[in-house]
Each structure stands twice: as structure tokens, then as C-alpha cells.
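Listing of query.cif; format and content: mmCIF, C-alpha atoms.
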```cif
data_upload
loop_
_atom_site.label_atom_id
_atom_site.label_comp_id
_atom_site.auth_asym_id
_atom_site.auth_seq_id
_atom_site.Cartn_x
_atom_site.Cartn_y
_atom_site.Cartn_z
CA MET A 1 -5.22 -23.03 -50.00
CA ASP A 2 -8.68 -23.34 -48.37
CA PHE A 3 -8.55 -20.09 -46.37
CA THR A 4 -8.71 -22.02 -43.07
CA CYS A 5 -7.61 -19.77 -40.21
CA LYS A 6 -5.75 -20.91 -37.12
CA ALA A 7 -7.13 -19.48 -33.87
CA CYS A 8 -4.86 -18.94 -30.90
CA TRP A 9 -6.25 -18.61 -27.40
CA VAL A 10 -3.97 -16.83 -24.97
CA LYS A 11 -4.40 -16.53 -21.22
CA ASN A 12 -3.73 -13.24 -19.45
CA GLY A 13 -1.22 -14.80 -17.11
CA TYR A 14 0.16 -11.45 -16.06
CA LEU A 15 -3.08 -10.80 -14.16
CA HIS A 16 -2.51 -13.77 -11.87
CA ASP A 17 -0.65 -13.72 -8.59
CA ALA A 18 3.07 -14.46 -8.79
CA ARG A 19 4.05 -18.10 -8.23
CA THR A 20 6.78 -19.06 -5.79
CA GLU A 21 8.20 -21.78 -8.02
CA SER A 22 9.73 -21.39 -11.47
CA THR A 23 7.17 -20.75 -14.20
CA PHE A 24 9.42 -20.66 -17.27
CA ALA A 25 10.49 -23.16 -19.89
CA GLY A 26 14.21 -23.76 -19.97
CA VAL A 27 16.47 -22.71 -22.82
CA VAL A 28 19.86 -24.08 -23.79
CA SER A 29 22.72 -21.59 -23.45
CA ARG A 30 24.57 -20.16 -26.44
CA GLU A 31 27.85 -21.50 -25.07
CA THR A 32 26.40 -25.01 -25.00
CA VAL A 33 25.27 -24.75 -28.61
CA GLN A 34 28.74 -23.58 -29.66
CA LEU A 35 30.38 -26.49 -27.83
CA CYS A 36 27.98 -28.97 -29.44
CA LEU A 37 28.66 -27.63 -32.94
CA THR A 38 32.39 -27.94 -32.27
CA TYR A 39 31.88 -31.53 -31.05
CA ALA A 40 29.87 -32.30 -34.20
CA ALA A 41 32.64 -31.02 -36.48
CA LEU A 42 35.33 -32.83 -34.50
CA ASN A 43 33.52 -36.17 -34.70
CA ASP A 44 32.12 -35.74 -38.23
CA LEU A 45 28.49 -35.74 -37.04
CA ASN A 46 25.49 -34.27 -38.82
CA VAL A 47 23.39 -31.43 -37.44
CA MET A 48 19.73 -30.71 -38.08
CA CYS A 49 17.13 -28.54 -36.38
CA CYS A 50 13.35 -28.54 -36.14
CA ASP A 51 10.47 -26.63 -34.60
CA PHE A 52 7.59 -28.14 -32.61
CA GLN A 53 4.09 -27.10 -33.62
CA SER A 54 1.68 -26.08 -30.83
CA ALA A 55 4.21 -27.44 -28.35
CA TYR A 56 2.57 -26.07 -25.20
CA LEU A 57 -0.73 -27.81 -26.00
CA GLN A 58 1.01 -31.20 -25.70
CA ALA A 59 1.36 -30.60 -21.93
CA LYS A 60 -1.32 -30.80 -19.27
CA SER A 61 -1.93 -27.62 -17.32
CA SER A 62 -1.12 -27.50 -13.61
CA GLU A 63 -3.53 -24.56 -13.21
CA LYS A 64 -7.26 -24.79 -12.56
CA HIS A 65 -9.01 -22.35 -14.89
CA TYR A 66 -12.22 -22.38 -16.87
CA ILE A 67 -14.00 -20.36 -19.54
CA VAL A 68 -17.64 -19.49 -20.07
CA PHE A 69 -18.96 -20.30 -23.55
CA GLY A 70 -20.22 -17.34 -25.56
CA PRO A 71 -22.92 -17.20 -28.26
CA GLU A 72 -20.50 -18.64 -30.83
CA PHE A 73 -20.93 -22.05 -29.12
CA GLY A 74 -24.65 -22.19 -29.97
CA GLU A 75 -26.69 -24.31 -27.57
CA HIS A 76 -23.72 -24.55 -25.20
CA GLU A 77 -23.72 -20.81 -24.51
CA GLY A 78 -23.29 -20.12 -20.81
CA CYS A 79 -21.73 -23.52 -20.08
CA TYR A 80 -18.41 -23.85 -18.29
CA ALA A 81 -15.37 -25.57 -19.79
CA LEU A 82 -12.21 -26.57 -17.92
CA ILE A 83 -8.88 -25.66 -19.53
CA LYS A 84 -6.84 -28.86 -19.33
CA ARG A 85 -3.94 -27.94 -21.61
CA ALA A 86 -1.12 -25.45 -21.10
CA LEU A 87 -2.43 -22.54 -23.15
CA TYR A 88 -0.01 -19.80 -24.17
CA GLY A 89 0.01 -16.93 -21.72
CA GLY A 90 -0.68 -19.04 -18.65
CA LYS A 91 1.42 -18.21 -15.62
CA SER A 92 2.84 -21.74 -15.43
CA SER A 93 2.38 -22.87 -19.05
CA GLY A 94 6.10 -22.62 -19.76
CA ALA A 95 6.99 -24.78 -16.75
CA ASP A 96 4.23 -27.27 -17.62
CA TYR A 97 5.62 -27.66 -21.12
CA TRP A 98 9.17 -28.00 -19.76
CA LYS A 99 8.16 -30.80 -17.37
CA ASN A 100 6.32 -32.61 -20.15
CA MET A 101 9.30 -32.22 -22.46
CA ARG A 102 11.62 -33.70 -19.83
CA SER A 103 9.43 -36.78 -19.36
CA CYS A 104 9.30 -37.30 -23.14
CA MET A 105 13.07 -37.03 -23.51
CA GLU A 106 13.60 -39.48 -20.67
CA CYS A 107 11.29 -41.96 -22.43
CA LEU A 108 13.65 -41.68 -25.42
CA HIS A 109 16.54 -42.59 -23.05
CA PHE A 110 18.09 -39.12 -23.21
CA LYS A 111 19.54 -37.68 -20.01
CA PRO A 112 20.09 -34.00 -19.18
CA CYS A 113 23.65 -32.74 -19.00
CA ARG A 114 24.89 -31.70 -15.56
CA GLY A 115 26.24 -28.42 -16.88
CA ASP A 116 23.11 -27.47 -18.84
CA GLN A 117 19.74 -29.04 -18.06
CA ASP A 118 18.44 -28.23 -21.56
CA LEU A 119 21.18 -30.22 -23.28
CA TRP A 120 20.07 -33.82 -23.64
CA MET A 121 22.56 -36.60 -24.34
CA ARG A 122 22.39 -40.30 -25.19
CA PRO A 123 25.16 -42.82 -25.89
CA ALA A 124 25.39 -44.03 -29.48
CA VAL A 125 27.67 -45.92 -31.89
CA ASP A 126 28.40 -44.85 -35.48
CA ASN A 127 28.58 -47.08 -38.55
CA ASP A 128 32.27 -47.83 -37.92
CA GLY A 129 31.69 -48.93 -34.34
CA ASN A 130 32.98 -45.71 -32.76
CA GLU A 131 31.26 -44.56 -29.59
CA TYR A 132 29.93 -41.01 -29.40
CA TRP A 133 27.20 -38.94 -27.75
CA GLU A 134 24.01 -37.93 -29.49
CA TYR A 135 22.89 -34.46 -28.39
CA VAL A 136 19.59 -32.59 -28.50
CA CYS A 137 19.73 -28.88 -27.62
CA MET A 138 16.32 -27.63 -26.49
CA TYR A 139 15.47 -23.93 -26.77
CA THR A 140 11.84 -24.10 -25.59
CA ASP A 141 10.15 -25.62 -28.69
CA ASP A 142 13.18 -25.45 -31.01
CA ALA A 143 15.45 -28.50 -31.15
CA LEU A 144 18.98 -28.79 -32.51
CA VAL A 145 19.94 -32.46 -33.01
CA ILE A 146 23.50 -33.74 -33.38
CA SER A 147 23.94 -37.34 -34.50
CA VAL A 148 25.04 -39.58 -37.35
CA ASP A 149 21.40 -39.58 -38.45
CA PRO A 150 19.66 -36.58 -36.83
CA GLU A 151 16.70 -36.69 -39.23
CA ARG A 152 15.77 -40.15 -37.95
CA ILE A 153 15.74 -38.83 -34.37
CA ILE A 154 13.55 -35.90 -35.38
CA ARG A 155 11.02 -37.83 -37.45
CA LYS A 156 10.88 -41.21 -35.71
CA GLN A 157 11.51 -40.27 -32.08
CA LEU A 158 10.79 -36.61 -31.35
CA GLY A 159 7.90 -36.89 -33.82
CA LYS A 160 6.25 -39.47 -31.53
CA TYR A 161 5.60 -36.80 -28.91
CA TRP A 162 5.36 -33.55 -30.87
CA THR A 163 4.03 -32.45 -34.23
CA ILE A 164 7.08 -31.30 -36.18
CA LYS A 165 6.82 -28.46 -38.67
CA GLU A 166 7.91 -30.12 -41.91
CA SER A 167 9.49 -26.97 -43.32
CA SER A 168 11.68 -26.59 -40.22
CA ILE A 169 13.49 -29.94 -40.61
CA ALA A 170 16.80 -28.93 -42.16
CA PRO A 171 20.44 -28.22 -41.33
CA PRO A 172 20.68 -25.04 -39.24
CA ASN A 173 20.65 -21.81 -41.21
CA ILE A 174 19.49 -19.19 -38.73
CA TYR A 175 19.69 -20.24 -35.08
CA LEU A 176 19.06 -17.90 -32.14
CA GLY A 177 19.72 -14.84 -34.33
CA ASN A 178 22.92 -16.17 -35.89
CA LYS A 179 23.43 -17.29 -39.46
CA VAL A 180 24.96 -20.76 -39.20
CA SER A 181 27.26 -22.01 -41.97
CA HIS A 182 29.38 -25.09 -42.61
CA VAL A 183 32.82 -23.98 -43.79
CA THR A 184 36.08 -25.62 -44.83
CA LEU A 185 39.24 -24.26 -43.24
CA ASP A 186 42.63 -23.88 -44.92
CA GLY A 187 43.88 -27.19 -43.51
CA GLY A 188 40.86 -29.05 -44.90
CA ALA A 189 39.05 -29.33 -41.57
CA LYS A 190 35.27 -28.85 -41.53
CA ALA A 191 33.84 -26.36 -39.05
CA TRP A 192 30.67 -24.48 -38.17
CA SER A 193 30.63 -20.71 -38.16
CA LEU A 194 28.29 -18.12 -36.64
CA ILE A 195 27.57 -14.81 -38.36
CA SER A 196 25.45 -12.15 -36.65
CA SER A 197 25.51 -9.69 -39.55
CA GLN A 198 21.76 -9.92 -40.23
CA TYR A 199 20.83 -9.10 -36.64
CA VAL A 200 23.48 -6.37 -36.36
CA GLN A 201 22.34 -4.65 -39.56
CA ALA A 202 18.69 -4.81 -38.45
CA SER A 203 19.66 -3.25 -35.10
CA VAL A 204 21.65 -0.51 -36.81
CA ALA A 205 18.71 0.23 -39.13
CA ASN A 206 16.39 0.67 -36.13
CA VAL A 207 18.83 3.08 -34.49
CA GLU A 208 19.11 5.07 -37.73
CA LYS A 209 15.31 5.38 -37.89
CA TYR A 210 15.33 6.72 -34.34
CA LEU A 211 18.01 9.27 -35.22
CA ALA A 212 16.36 10.27 -38.51
CA LYS A 213 13.26 11.44 -36.61
CA ARG A 214 15.56 13.79 -34.70
CA ASP A 215 17.50 14.93 -37.76
CA MET A 216 20.61 13.06 -36.62
CA LYS A 217 22.90 10.41 -38.14
CA LEU A 218 25.36 7.79 -36.97
CA PRO A 219 29.04 8.79 -37.10
CA LYS A 220 30.66 7.74 -40.36
CA LYS A 221 34.25 7.41 -39.10
CA ALA A 222 33.91 5.04 -36.15
CA SER A 223 37.02 2.91 -36.40
CA SER A 224 36.68 1.49 -32.86
CA PRO A 225 33.76 0.65 -30.53
CA LEU A 226 34.53 3.66 -28.29
CA THR A 227 36.31 6.90 -29.01
CA ASN A 228 39.97 7.01 -28.00
CA GLY A 229 40.49 7.37 -24.24
CA TYR A 230 36.78 7.41 -23.45
CA ARG A 231 35.86 6.81 -19.77
CA PRO A 232 32.09 6.63 -19.09
CA GLU A 233 32.52 7.31 -15.36
CA LEU A 234 34.01 10.76 -16.08
CA VAL A 235 31.10 12.02 -18.23
CA THR A 236 29.37 15.11 -16.76
CA THR A 237 26.87 15.94 -19.50
CA PRO A 238 23.17 16.41 -18.57
CA GLU A 239 21.22 13.39 -17.37
CA LEU A 240 18.79 11.72 -19.76
CA ASP A 241 15.06 12.09 -19.18
CA LYS A 242 12.92 9.00 -18.52
CA SER A 243 12.19 8.35 -22.19
CA GLU A 244 15.82 8.69 -23.27
CA ALA A 245 17.05 6.64 -20.29
CA SER A 246 14.65 3.84 -21.24
CA TYR A 247 15.93 3.96 -24.81
CA TYR A 248 19.52 3.86 -23.53
CA MET A 249 18.79 0.69 -21.55
CA SER A 250 17.13 -0.94 -24.56
CA LEU A 251 20.22 -0.21 -26.69
CA VAL A 252 22.46 -1.77 -24.04
CA GLY A 253 20.20 -4.84 -24.10
CA ILE A 254 20.56 -5.09 -27.88
CA LEU A 255 24.33 -4.77 -27.63
CA ARG A 256 24.47 -7.44 -24.93
CA TRP A 257 22.62 -9.83 -27.22
CA ILE A 258 25.01 -9.01 -30.07
CA VAL A 259 27.89 -9.96 -27.76
CA GLU A 260 26.07 -13.19 -26.89
CA LEU A 261 25.68 -14.03 -30.58
CA ASN A 262 29.35 -13.82 -31.56
CA ARG A 263 30.73 -10.28 -31.20
CA ILE A 264 33.11 -10.84 -28.29
CA ASP A 265 35.26 -8.03 -29.71
CA ILE A 266 32.94 -5.46 -28.12
CA ALA A 267 32.28 -7.31 -24.85
CA VAL A 268 34.41 -5.00 -22.69
CA GLU A 269 33.05 -1.82 -24.26
CA VAL A 270 29.45 -2.95 -23.79
CA SER A 271 30.24 -3.82 -20.17
CA MET A 272 31.61 -0.31 -19.64
CA MET A 273 28.48 1.32 -21.04
CA ALA A 274 26.20 -1.00 -19.05
CA SER A 275 27.88 0.05 -15.80
CA VAL A 276 26.23 3.51 -15.99
CA MET A 277 22.64 2.38 -16.66
CA ALA A 278 21.58 3.57 -13.20
CA LEU A 279 22.25 7.18 -14.25
CA PRO A 280 22.84 7.50 -18.01
CA ARG A 281 23.79 10.88 -19.43
CA LYS A 282 23.66 12.44 -22.87
CA GLY A 283 27.33 11.74 -23.44
CA HIS A 284 26.74 8.05 -22.73
CA LEU A 285 23.93 7.88 -25.29
CA ASP A 286 26.12 9.62 -27.88
CA GLN A 287 28.79 7.01 -27.25
CA LEU A 288 26.31 4.21 -27.88
CA PHE A 289 25.48 5.86 -31.20
CA HIS A 290 29.23 5.82 -31.91
CA MET A 291 29.27 2.08 -31.14
CA PHE A 292 26.41 1.44 -33.55
CA GLY A 293 28.28 3.49 -36.12
CA PHE A 294 31.21 1.10 -35.64
CA LEU A 295 28.92 -1.91 -36.03
CA LYS A 296 27.48 -0.48 -39.23
CA ILE A 297 30.98 -0.48 -40.70
CA LYS A 298 32.13 -3.74 -39.10
CA HIS A 299 28.92 -5.77 -39.25
CA ASN A 300 30.16 -8.83 -41.09
CA ALA A 301 32.15 -10.55 -38.32
CA GLU A 302 32.30 -14.35 -38.29
CA LEU A 303 33.05 -16.62 -35.35
CA ILE A 304 34.45 -19.97 -36.51
CA LEU A 305 34.21 -22.91 -34.12
CA ASP A 306 37.50 -24.49 -35.17
CA PRO A 307 37.69 -28.20 -34.14
CA SER A 308 41.40 -28.57 -34.93
CA TYR A 309 43.93 -28.86 -32.11
CA PRO A 310 46.14 -25.77 -31.75
CA GLU A 311 49.88 -26.15 -31.55
CA ILE A 312 51.04 -24.44 -28.37
CA ASP A 313 54.68 -24.25 -27.38
CA LYS A 314 54.50 -24.79 -23.63
CA SER A 315 58.14 -23.78 -23.26
CA SER A 316 57.05 -20.20 -23.96
CA PHE A 317 55.26 -20.11 -20.60
CA GLU A 318 57.33 -19.56 -17.50
CA LYS A 319 56.71 -22.20 -14.84
CA LYS A 320 55.84 -20.97 -11.35
CA ASP A 321 55.74 -22.62 -7.96
CA TRP A 322 52.14 -22.49 -6.71
CA THR A 323 52.79 -24.49 -3.53
CA HIS A 324 52.25 -21.53 -1.22
CA SER A 325 49.48 -19.83 -3.20
CA VAL A 326 46.15 -18.80 -1.66
CA TYR A 327 44.47 -21.64 -3.55
CA GLY A 328 46.32 -24.31 -1.56
CA ASP A 329 47.28 -27.77 -2.73
CA VAL A 330 44.39 -28.47 -5.11
CA GLU A 331 43.86 -31.26 -7.60
CA GLU A 332 41.53 -31.78 -10.53
CA GLU A 333 38.26 -33.36 -9.41
CA VAL A 334 37.84 -36.90 -10.70
CA VAL A 335 34.31 -38.31 -10.85
CA PRO A 336 34.29 -42.05 -9.99
CA ASP A 337 32.62 -44.56 -12.25
CA THR A 338 30.27 -45.46 -9.39
CA ASP A 339 28.55 -42.07 -9.65
CA PRO A 340 25.17 -42.71 -11.32
CA ASP A 341 25.38 -39.34 -13.09
CA TYR A 342 28.89 -39.95 -14.41
CA ARG A 343 29.12 -39.47 -18.19
CA LYS A 344 31.74 -41.64 -19.83
CA PRO A 345 33.77 -39.74 -22.46
CA ARG A 346 32.76 -40.83 -25.96
CA GLY A 347 34.12 -39.62 -29.30
CA LYS A 348 36.99 -37.25 -29.80
CA GLY A 349 37.39 -34.76 -26.98
CA PHE A 350 38.81 -31.27 -26.98
CA VAL A 351 40.45 -28.93 -24.53
CA ILE A 352 38.77 -25.59 -23.77
CA ARG A 353 41.23 -22.72 -23.42
CA GLY A 354 40.33 -19.20 -22.43
CA TYR A 355 42.53 -16.12 -22.42
CA VAL A 356 41.49 -13.14 -20.35
CA ASP A 357 43.07 -9.90 -19.26
CA SER A 358 42.24 -7.13 -16.81
CA ASP A 359 42.70 -3.38 -17.11
CA HIS A 360 43.79 -3.29 -13.41
CA ALA A 361 41.97 -0.49 -11.62
CA GLY A 362 40.67 0.89 -14.91
CA ASP A 363 37.73 2.73 -13.35
CA SER A 364 39.02 6.25 -12.71
CA ILE A 365 36.71 6.77 -9.70
CA THR A 366 36.26 3.43 -7.93
CA ARG A 367 39.59 1.93 -9.13
CA ARG A 368 37.77 -1.29 -9.92
CA SER A 369 39.15 -3.59 -12.62
CA ARG A 370 37.28 -4.91 -15.62
CA THR A 371 38.11 -8.31 -17.10
CA GLY A 372 37.63 -9.15 -20.77
CA PHE A 373 38.70 -11.52 -23.49
#
```
Whole structure, C-alpha cells version:
Amino acid sequence: MDFTCKACWVKNGYLHDARTESTFAGVVSRETVQLCLTYAALNDLNVMCCDFQSAYLQAKSSEKHYIVFGPEFGEHEGCYALIKRALYGGKSSGADYWKNMRSCMECLHFKPCRGDQDLWMRPAVDNDGNEYWEYVCMYTDDALVISVDPERIIRKQLGKYWTIKESSIAPPNIYLGNKVSHVTLDGGAKAWSLISSQYVQASVANVEKYLAKRDMKLPKKASSPLTNGYRPELVTTPELDKSEASYYMSLVGILRWIVELNRIDIAVEVSMMASVMALPRKGHLDQLFHMFGFLKIKHNAELILDPSYPEIDKSSFEKKDWTHSVYGDVEEEVVPDTDPDYRKPRGKGFVIRGYVDSDHAGDSITRRSRTGF
């Protein structure tokens, strides 16, 4: 250790006028990451992640800004210097980095996925001659690589354009707030799992600190996300003041992120509590505390991305005649091979099934329905 310090210059981009075009760097969606991990397990592919060092500085800035040298520059004091790189904090630095990243990935013969522009894919062949897709999930300057040899892609290819933090090159452990684990299922199949316990417990601890300052505690017997028969639209308790209302909205934001991580079991309840953010009341805030009390007890949930094919007895489903439905005579869209953006299926595929239900006019006032898993 030589006590060398790293300086970080940051622009005050918030002082600039708003731009009409997008100014942000793209991020891959959580659903895409989950699908890619399932694809990796299904096709016996390896997964590694890495972090780019000083990623923004690899891109040229589209802005025209300068600085005036101070006395620390000696004889150059008072001189002007143009800022040619996308410094952190710049209004368009995120977009500049994103454009640079896209050109680099295209040079590596990766193409963006139609469904998610921050999922990059490239055809490949494994050691046994089987065709598959190599994937790179980009979350700004974090990359998740799926391939037979992901370390080679990180070091030899991504490393050509970015400086990779050596300590970050490893199989995923914590990714986007989730603990990522490789597990073996009862049937012997390998799968990836997502555990949000660490984030949930940290969130609960912050709420408990807030309550402790007010001589309050979370409920100890919260066996469900909401109390039995609770309807937020029927609450008539006093309205929250500005400070409490702001805190209520921040708690809803935390809960929404917990749902995004893996806790789909509270998706409907969080949606119900988010529907009253325009005018939150004391009873609503108390109910959020009840929900965090539930999460304190049930924090260790695990979402397993099972790659095995489920056995479904189709005879259990009653067949209906949809000829005269409002949807008309529709067919599955087939993309022709002549389409330049057509992606040929490679590797083992899987069928995505989703099961949803509606409470049918569950809102006691508006009679609107709410759909959930």
C-alpha cells in the first residue's frame, strides 16, 4: 500500500438544461437475467460476472464543457481545458457511455436482443459441436456473461475495451441485490436460485431504526403481508403530513424493489398499498409496518429458476371454442428467415408459462379488479 488516492471529478449535471433525447445508460431487466440464468442451467453453460473500472471515461463526451485551472496546476493556473471524456455527473454521460458500449459490443460481433436492448447475444458452438447462444447482460458497467468459457470473453474480449476489476471476475454471488446460488434439485438437475434475504433484512433494520426513534416496534405476529380482510380504500384515519407521506412513498419503493428481486408472494399486497400513494393515511402507514413485520419473519425466501420441463396433464383443461371470441382468428407470428434481425433458435429451448388470477371488482369503491400471480 503506497497511500495513493484516487480522485473523482464529478460534473453538476443537474444544473444544466434538460435534454430532449435520452441521457441515461441502459440496464438489463431482472426478467431477462432470470431467463438467461435458466437458459444457462438448461444448456449446462457457465456464468461469470465482472465490473468495469472507470467505465464512463472510456467514452467521448458529446457535451462541450471546459474547466479553468486553479493554483494546484502551477504555471498553468488560469488556463482553460476542454473536457473530452464522459465525466460522472454529466447530463449526457450515461448516454455517451451507452453508445460507446454498443459500438464495442458490435465490434465483438454481439447483437442486441429485440426484447431487451441491453442483452447481447452471439452464436457459438460448444466442445461437442452443439450450437448455442452466448449472452452478455449489461447493467450499466456490470456485465453478466453466459458461455462455455465466460472468463475468456471477459479477459480477452471485453478486456480489450474496458479495464476489468480483477476482484470482480467470478461466478455471480450478489447480483442486483440478490444472493445468487447454484443448487442441485431433487431430480439431480442443476439450477440457479435468487435469495433476497440480505436486502430484506437490511430494509427491515432501517424501518426498525425509524420506529425506535418514535418508541414503536414492528408487530411480532404478522403471519400474512396484510391483516385479514384489509382494504386500503376504506381507511379513514387522519392523513399523513408531508414528512410521513414522503416516508410512506419511500417504503413503497423499497417494497417494489423487493418484489422485483424475487418476492412475488407480496406483489398484489404491494400493489394495493401503492394505489393510495396520492393520499396516504396513518392506517396505510401502519399496514406497511405490518408488512415489514411479516418480512422480518419470512425473510429467507428463495426463487429457484428450475430448468426442468414440468409434466402437465393437458386433459385436465377443458377445451373451448374461441372461433367467435373478441380476439378473432389469430395465429402465432412466425418470423421468416429472410428477416435480417431473425435469431435462429440455438441450444435447448423452454416454454414460458404464467398463471394469473384476478380478484374481480376487488376495489370496494371503484369496483376495479387487480391481477396478480
(message) With all atoms listed in the file as the counted atoms, please give the residues lying no more than 8 Å from region 206-210 of chain A, apart from itself and same-chain residues fewer than 4 positions off, as an MDAnalysis selection string.
(response) chainID A and resid 202 214 217:218 289 292
Let's have the selection written as a compact mmCIF listing (two decimals), keeping the file's coordinate frame, with C-alpha atoms.
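out-v5.txt was written with the following content:
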```
# COMPACT_ATOMS: atom_id res chain seq x y z
CA ALA A 202 18.69 -4.81 -38.45
CA ARG A 214 15.56 13.79 -34.70
CA LYS A 217 22.90 10.41 -38.14
CA LEU A 218 25.36 7.79 -36.97
CA PHE A 289 25.48 5.86 -31.20
CA PHE A 292 26.41 1.44 -33.55
```
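When all atoms listed in the file are used to compute distances to Gln117 (chain A), the closest of the residues A:Thr236, A:Thr184, A:Asn173, A:Ser29 turns out to be A:Ser29.
Atom to atom, CA of Asp141 (chain A) and CA of Ile164 (chain A) stand 9.9 Å apart.
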(message) Evaluated on this file, the PyMOL selection byres ((chain A and resi 68) around 6) picks out some residues - which ones are they, written as number ranges by chain?
(response) A: 67, 69, 78-80
(request) Let me know the residues the PyMOL selection byres ((chain A and resi 238) around 8) catches in the file above, as a PyMOL selection string. (result) chain A and resi 236-237+239-240+281-283
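Here CA of Ser364 (chain A) stands at a distance of 28.5 Å from CA of Ser243 (chain A).
Coordinates place CA of Leu45 (chain A) at a distance of 10.3 Å from CA of Gly347 (chain A).
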Please write as a PDB file with C-alpha atoms, in the frame of the given file the full residue list that the PyMOL selection byres ((chain A and resi 175) around 10) yields on this file.
```
ATOM      1  CA  ARG A  30      24.570 -20.160 -26.440  1.00  0.00           C
ATOM      2  CA  VAL A  33      25.270 -24.750 -28.610  1.00  0.00           C
ATOM      3  CA  CYS A  49      17.130 -28.540 -36.380  1.00  0.00           C
ATOM      4  CA  ASP A 142      13.180 -25.450 -31.010  1.00  0.00           C
ATOM      5  CA  LEU A 144      18.980 -28.790 -32.510  1.00  0.00           C
ATOM      6  CA  PRO A 172      20.680 -25.040 -39.240  1.00  0.00           C
ATOM      7  CA  ASN A 173      20.650 -21.810 -41.210  1.00  0.00           C
ATOM      8  CA  ILE A 174      19.490 -19.190 -38.730  1.00  0.00           C
ATOM      9  CA  LEU A 176      19.060 -17.900 -32.140  1.00  0.00           C
ATOM     10  CA  GLY A 177      19.720 -14.840 -34.330  1.00  0.00           C
ATOM     11  CA  ASN A 178      22.920 -16.170 -35.890  1.00  0.00           C
ATOM     12  CA  LYS A 179      23.430 -17.290 -39.460  1.00  0.00           C
ATOM     13  CA  VAL A 180      24.960 -20.760 -39.200  1.00  0.00           C
ATOM     14  CA  LEU A 194      28.290 -18.120 -36.640  1.00  0.00           C
ATOM     15  CA  LEU A 261      25.680 -14.030 -30.580  1.00  0.00           C
TER      16      LEU A 261
END
```
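If all atoms listed in the file are the atoms counted, then among A:Pro232, A:Pro225, A:Gly94, A:Pro171 the closest residue to Tyr56 (chain A) is A:Gly94.
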(message) So that I can see what lies close to Ser54 (chain A), please list as a count of residues only the residues with an atom at most 10 Å from it, counting all atoms listed in the file and leaving out residues fewer than 6 positions away in the same chain.
(response) 8
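Here the question is which of A:Gln53, A:Gln157, A:Thr338, A:Ser358 gets nearest to Leu108 (chain A) using all atoms listed in the file, and that residue is A:Gln157.
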Quick one: axis-aligned box around all listed atoms of region 216-225 of chain A, 6 Å on every side, centre and edge lengths in Å to one decimal, written as AutoDock Vina command-line options.
```
--center_x 28.8 --center_y 6.9 --center_z -35.4 --size_x 28.4 --size_y 24.4 --size_z 21.8
```
Repaired coordinates for region 175-187 of chain A (N, CA, C and O atoms) as a short mmCIF file (atom, residue, chain, number, x, y, z; two decimals), in the coordinates of the input:
```
data_model
loop_
_atom_site.label_atom_id
_atom_site.label_comp_id
_atom_site.auth_asym_id
_atom_site.auth_seq_id
_atom_site.Cartn_x
_atom_site.Cartn_y
_atom_site.Cartn_z
N TYR A 175 19.97 -19.65 -36.38
CA TYR A 175 19.69 -20.24 -35.08
C TYR A 175 19.99 -19.22 -34.00
O TYR A 175 21.11 -18.75 -33.87
N LEU A 176 18.95 -18.86 -33.23
CA LEU A 176 19.06 -17.90 -32.14
C LEU A 176 19.64 -16.57 -32.60
O LEU A 176 20.42 -15.93 -31.90
N GLY A 177 19.28 -16.14 -33.82
CA GLY A 177 19.72 -14.84 -34.33
C GLY A 177 21.00 -14.89 -35.13
O GLY A 177 21.40 -13.88 -35.71
N ASN A 178 21.67 -16.03 -35.15
CA ASN A 178 22.92 -16.17 -35.89
C ASN A 178 22.68 -16.91 -37.21
O ASN A 178 21.89 -17.86 -37.26
N LYS A 179 23.40 -16.51 -38.24
CA LYS A 179 23.43 -17.29 -39.46
C LYS A 179 24.48 -18.38 -39.26
O LYS A 179 25.64 -18.10 -38.93
N VAL A 180 24.08 -19.63 -39.44
CA VAL A 180 24.96 -20.76 -39.20
C VAL A 180 25.41 -21.31 -40.54
O VAL A 180 24.58 -21.58 -41.42
N SER A 181 26.71 -21.50 -40.70
CA SER A 181 27.26 -22.01 -41.97
C SER A 181 28.27 -23.11 -41.70
O SER A 181 28.91 -23.14 -40.65
N HIS A 182 28.38 -24.02 -42.68
CA HIS A 182 29.38 -25.09 -42.61
C HIS A 182 30.51 -24.69 -43.55
O HIS A 182 30.30 -24.54 -44.75
N VAL A 183 31.70 -24.49 -43.00
CA VAL A 183 32.82 -23.98 -43.79
C VAL A 183 33.98 -24.97 -43.77
O VAL A 183 34.06 -25.85 -42.92
N THR A 184 34.86 -24.81 -44.75
CA THR A 184 36.08 -25.62 -44.83
C THR A 184 37.28 -24.72 -44.58
O THR A 184 37.46 -23.71 -45.27
N LEU A 185 38.09 -25.07 -43.60
CA LEU A 185 39.24 -24.26 -43.24
C LEU A 185 40.42 -24.55 -44.16
O LEU A 185 40.39 -25.49 -44.97
N ASP A 186 41.47 -23.75 -44.03
CA ASP A 186 42.63 -23.88 -44.92
C ASP A 186 43.26 -25.27 -44.85
O ASP A 186 43.72 -25.81 -45.85
N GLY A 187 43.27 -25.87 -43.66
CA GLY A 187 43.88 -27.19 -43.51
C GLY A 187 42.98 -28.32 -43.96
O GLY A 187 43.37 -29.49 -43.84
#
```
